[in-house]
Amino acid sequence: MKNIQEVLKERILILDGAMGTMIQRHKFTEEDFRGDRFKDWPSPVQGNNDLLSLTQPDTIADIHRQYFAAGADIVETNTFSSTTIGMADYGMQELVYDLNYESAKLAKEVAEEFTAKEPHKPRFVAGSIGPTTKTASMSPDVNDPGYRAITFDALRVAYKQQVEALIDGGCDILLVETIFDTLNAKAALFAIEEVKEERNITIPIMVSGTITDASGRTLSGQTAEAFLISISHIPILSVGFNCALGASQLVPHLEVLSTKTEHAVSAHPNAGLPNAFGEYDETPEQMAAQIKEYAEKKLVNIVGGCCGTTPEHITAMADIVKDYSPRTLNSLIALN
């Protein structure tokens, strides 16, 4: 099986679409979220999508299967909120290892199933590492700008627990994504480097930030270039953007990354901007037409979808980009 560094030089890779969008189609009840294992849990758990890896594993595996069948080369684990910080909302901090390990194992089993059928198209699993519900560089209290709800070290410890379990479960890649505060991301990247050093291993790292509005900045105030510089000390596989914006709004920010980095560039935007009901209206065809611009301008090496995207969106993207060569990588991709 080729490693991902080799495949990246050959073609534009396809990342999967939204996990949450697919889960919502099932309209799971509180009882469905609980399953037998958590039927007596003292607090409500409906909405804890990551928990479904333990209580509805067949559904999560099927979602991965649908995305691979749609053309994805990489699927993300169902672990966006699987840190002690994210699970504190449900009192489930003790489940962090199980959540990450089982989610990674599920995704890896499906990936191996598809790779066995199509050895020429290896499938990969990216461990999804979300931003948590806290921010390290800004105060949540407008009356006390110096206050912080979390410390760098607390984030580092939480991320380290997640990373260890994702690796144990069989992830091929670690994806630090939806970064709205680069200091949070630095804690995650520091934790990954700690684990790599302690275990004497290498694992590719994808980093994906979020431009939050038309200002072209992350929530903590950085431009695309500043964000790139802030994480440039870490050996990474790719850098890119996801969420918050639709595909067309991301173009200028991807142009900045593409001209400034030696690494692969990724993009997994939303299916347009949310409507008045918080839903996403862009059809697969509309979104694929915008992704085509990425390919024509040679801005990207990896594309996929975030909020509102489905296997149909991924199929449309895969059909578009297969006719284009990937953005040229100016140097060897960092393997560490």
# chains A, B, ... in the order shown; residues from 1 in each chain; ligands from 1
$ select_by_dssp --residues "region 193-323 of chain A" --states "alpha helix (DSSP H)" --output "PyMOL selection string"
chain A and resi 193-199+224-230+247-260+284-296+311-321
$ residues_around --residues "region 182-193 of chain A" --least-positions-apart "4" --cutoff "6 Å" --atoms "only C-alpha atoms" --output "list of chain:residue names"
A:Ala136, A:Leu155, A:Arg156, A:Tyr159, A:Lys160
$ closest_residue --among "A:Ala18, A:Met206, A:Ile211, A:Leu166" --to "Ile63 (chain A)" --atoms "only C-alpha atoms"
A:Ala18
$ closest_residue --among "A:Asp98, A:Asp73, A:Glu282, A:Glu6" --to "Pro122 (chain A)" --atoms "only C-alpha atoms"
A:Asp73
$ select_by_dssp --residues "region 181-261 of chain A" --states "strand (DSSP E or B)" --output "list in words"
Ile205, Met206, Val207, Ser208, Gly209, Ser238, Val239, Gly240, Phe241, Asn242, Cys243, Ala244, Leu245 and Gly246 of chain A
$ write_last_selection --atoms "all heavy atoms" --output "compact mmCIF listing (two decimals), in the first residue's frame"
# COMPACT_ATOMS: atom_id res chain seq x y z
N ILE A 205 0.49 14.84 9.85
CA ILE A 205 -0.41 15.77 10.54
C ILE A 205 -1.03 16.73 9.52
O ILE A 205 -0.32 17.39 8.77
CB ILE A 205 0.34 16.59 11.61
CG1 ILE A 205 1.04 15.66 12.61
CG2 ILE A 205 -0.61 17.54 12.33
CD1 ILE A 205 2.08 16.38 13.46
N MET A 206 -2.35 16.80 9.52
CA MET A 206 -3.06 17.81 8.73
C MET A 206 -3.54 18.90 9.69
O MET A 206 -4.01 18.60 10.79
CB MET A 206 -4.28 17.19 8.03
CG MET A 206 -3.93 16.15 6.98
SD MET A 206 -5.41 15.34 6.29
CE MET A 206 -6.22 16.74 5.46
N VAL A 207 -3.41 20.14 9.27
CA VAL A 207 -3.85 21.28 10.08
C VAL A 207 -4.84 22.10 9.26
O VAL A 207 -4.55 22.49 8.13
CB VAL A 207 -2.65 22.16 10.49
CG1 VAL A 207 -3.11 23.38 11.27
CG2 VAL A 207 -1.66 21.35 11.33
N SER A 208 -6.01 22.36 9.83
CA SER A 208 -7.04 23.09 9.09
C SER A 208 -7.70 24.16 9.97
O SER A 208 -8.32 23.85 10.98
CB SER A 208 -8.11 22.11 8.58
OG SER A 208 -9.05 22.77 7.76
N GLY A 209 -7.52 25.40 9.56
CA GLY A 209 -8.08 26.52 10.31
C GLY A 209 -9.45 26.93 9.80
O GLY A 209 -9.97 26.37 8.83
N SER A 238 -0.12 18.77 5.64
CA SER A 238 -0.91 19.75 4.90
C SER A 238 -1.41 20.85 5.81
O SER A 238 -1.50 20.68 7.04
CB SER A 238 -2.12 19.07 4.23
OG SER A 238 -3.05 18.63 5.22
N VAL A 239 -1.75 21.97 5.19
CA VAL A 239 -2.37 23.08 5.91
C VAL A 239 -3.53 23.56 5.04
O VAL A 239 -3.48 23.50 3.81
CB VAL A 239 -1.35 24.22 6.16
CG1 VAL A 239 -0.77 24.77 4.88
CG2 VAL A 239 -1.98 25.33 7.00
N GLY A 240 -4.61 23.99 5.68
CA GLY A 240 -5.76 24.42 4.88
C GLY A 240 -6.83 25.05 5.73
O GLY A 240 -6.58 25.46 6.88
N PHE A 241 -8.03 25.14 5.16
CA PHE A 241 -9.17 25.73 5.85
C PHE A 241 -10.41 24.86 5.68
O PHE A 241 -10.58 24.18 4.66
CB PHE A 241 -9.46 27.13 5.30
CG PHE A 241 -8.42 28.15 5.67
CD1 PHE A 241 -7.64 28.76 4.70
CD2 PHE A 241 -8.21 28.51 7.00
CE1 PHE A 241 -6.67 29.68 5.03
CE2 PHE A 241 -7.23 29.43 7.35
CZ PHE A 241 -6.47 30.03 6.36
N ASN A 242 -11.26 24.92 6.68
CA ASN A 242 -12.55 24.24 6.61
C ASN A 242 -13.61 25.02 7.37
O ASN A 242 -13.30 25.95 8.11
CB ASN A 242 -12.45 22.82 7.18
CG ASN A 242 -12.35 22.77 8.69
OD1 ASN A 242 -11.33 23.14 9.26
ND2 ASN A 242 -13.39 22.31 9.35
N CYS A 243 -14.86 24.64 7.15
CA CYS A 243 -16.01 25.18 7.88
C CYS A 243 -16.18 26.69 7.65
O CYS A 243 -15.51 27.31 6.83
CB CYS A 243 -15.90 24.87 9.37
SG CYS A 243 -17.49 24.87 10.23
N ALA A 244 -17.16 27.26 8.35
CA ALA A 244 -17.46 28.70 8.39
C ALA A 244 -17.89 29.30 7.06
O ALA A 244 -18.90 29.98 6.97
CB ALA A 244 -16.31 29.50 8.99
N LEU A 245 -17.11 29.06 6.01
CA LEU A 245 -17.42 29.65 4.71
C LEU A 245 -17.75 28.58 3.67
O LEU A 245 -17.40 27.42 3.82
CB LEU A 245 -16.22 30.47 4.21
CG LEU A 245 -15.74 31.61 5.10
CD1 LEU A 245 -14.52 32.27 4.48
CD2 LEU A 245 -16.84 32.64 5.32
N GLY A 246 -18.41 29.02 2.61
CA GLY A 246 -18.62 28.15 1.46
C GLY A 246 -17.38 28.11 0.60
O GLY A 246 -16.40 28.83 0.83
$ atom_distance --atom1 "CA of Ala158 (chain A)" --atom2 "CA of Thr84 (chain A)"
5.9 Å
$ closest_residue --among "A:Val45, A:Ala264, A:Val125, A:Met287" --to "Ser248 (chain A)" --atoms "only C-alpha atoms"
A:Met287
$ residues_around --residues "Lys105 (chain A)" --least-positions-apart "2" --cutoff "6 Å" --atoms "only C-alpha atoms" --output "list in words"
Glu102, Ser103, Ala107, Lys108, Gly169 and Gly170 of chain A
$ write_last_selection --atoms "N, CA, C and O atoms" --output "compact mmCIF listing (two decimals), in the first residue's frame"
# COMPACT_ATOMS: atom_id res chain seq x y z
N GLU A 102 -12.32 3.45 19.80
CA GLU A 102 -13.35 2.72 19.05
C GLU A 102 -13.70 3.43 17.75
O GLU A 102 -13.96 2.78 16.73
N SER A 103 -13.72 4.75 17.76
CA SER A 103 -14.01 5.50 16.53
C SER A 103 -12.94 5.27 15.48
O SER A 103 -13.24 5.06 14.29
N ALA A 107 -13.44 3.21 11.82
CA ALA A 107 -13.08 3.82 10.53
C ALA A 107 -12.00 3.02 9.83
O ALA A 107 -12.03 2.84 8.60
N LYS A 108 -11.03 2.53 10.59
CA LYS A 108 -9.91 1.77 10.01
C LYS A 108 -10.39 0.47 9.39
O LYS A 108 -9.93 0.06 8.32
N GLY A 169 -5.99 3.27 18.04
CA GLY A 169 -7.11 2.73 17.27
C GLY A 169 -6.80 2.53 15.80
O GLY A 169 -7.59 1.91 15.08
N GLY A 170 -5.65 3.03 15.33
CA GLY A 170 -5.23 2.74 13.97
C GLY A 170 -5.28 3.89 12.98
O GLY A 170 -5.21 3.66 11.76
$ residues_around --residues "Thr210 (chain A)" --least-positions-apart "4" --cutoff "12 Å" --atoms "only C-alpha atoms" --output "ChimeraX atom specification"
/A:130-131,176-182,185,214-224,227-228,239-246,249-250,253-254,266-270,306
$ residues_around --residues "Tyr280 (chain A)" --least-positions-apart "4" --cutoff "6 Å" --atoms "only C-alpha atoms" --output "PyMOL selection string"
chain A and resi 271+274+308
$ write_last_selection --atoms "all heavy atoms" --output "mmCIF file, in the first residue's frame"
data_model
loop_
_atom_site.group_PDB
_atom_site.id
_atom_site.type_symbol
_atom_site.label_atom_id
_atom_site.label_comp_id
_atom_site.auth_asym_id
_atom_site.auth_seq_id
_atom_site.Cartn_x
_atom_site.Cartn_y
_atom_site.Cartn_z
ATOM 1 N N ALA A 271 -21.301 23.571 2.660
ATOM 2 C CA ALA A 271 -22.137 23.621 1.452
ATOM 3 C C ALA A 271 -22.803 24.999 1.381
ATOM 4 O O ALA A 271 -24.018 25.157 1.539
ATOM 5 C CB ALA A 271 -23.185 22.518 1.479
ATOM 6 N N PRO A 274 -24.987 29.215 5.821
ATOM 7 C CA PRO A 274 -26.274 28.745 6.337
ATOM 8 C C PRO A 274 -27.413 29.712 6.021
ATOM 9 O O PRO A 274 -27.224 30.928 6.006
ATOM 10 C CB PRO A 274 -26.037 28.640 7.843
ATOM 11 C CG PRO A 274 -24.843 29.501 8.120
ATOM 12 C CD PRO A 274 -24.013 29.478 6.883
ATOM 13 N N GLY A 308 -23.097 20.410 6.126
ATOM 14 C CA GLY A 308 -24.097 20.361 5.065
ATOM 15 C C GLY A 308 -23.738 19.484 3.893
ATOM 16 O O GLY A 308 -24.558 19.268 2.999
#
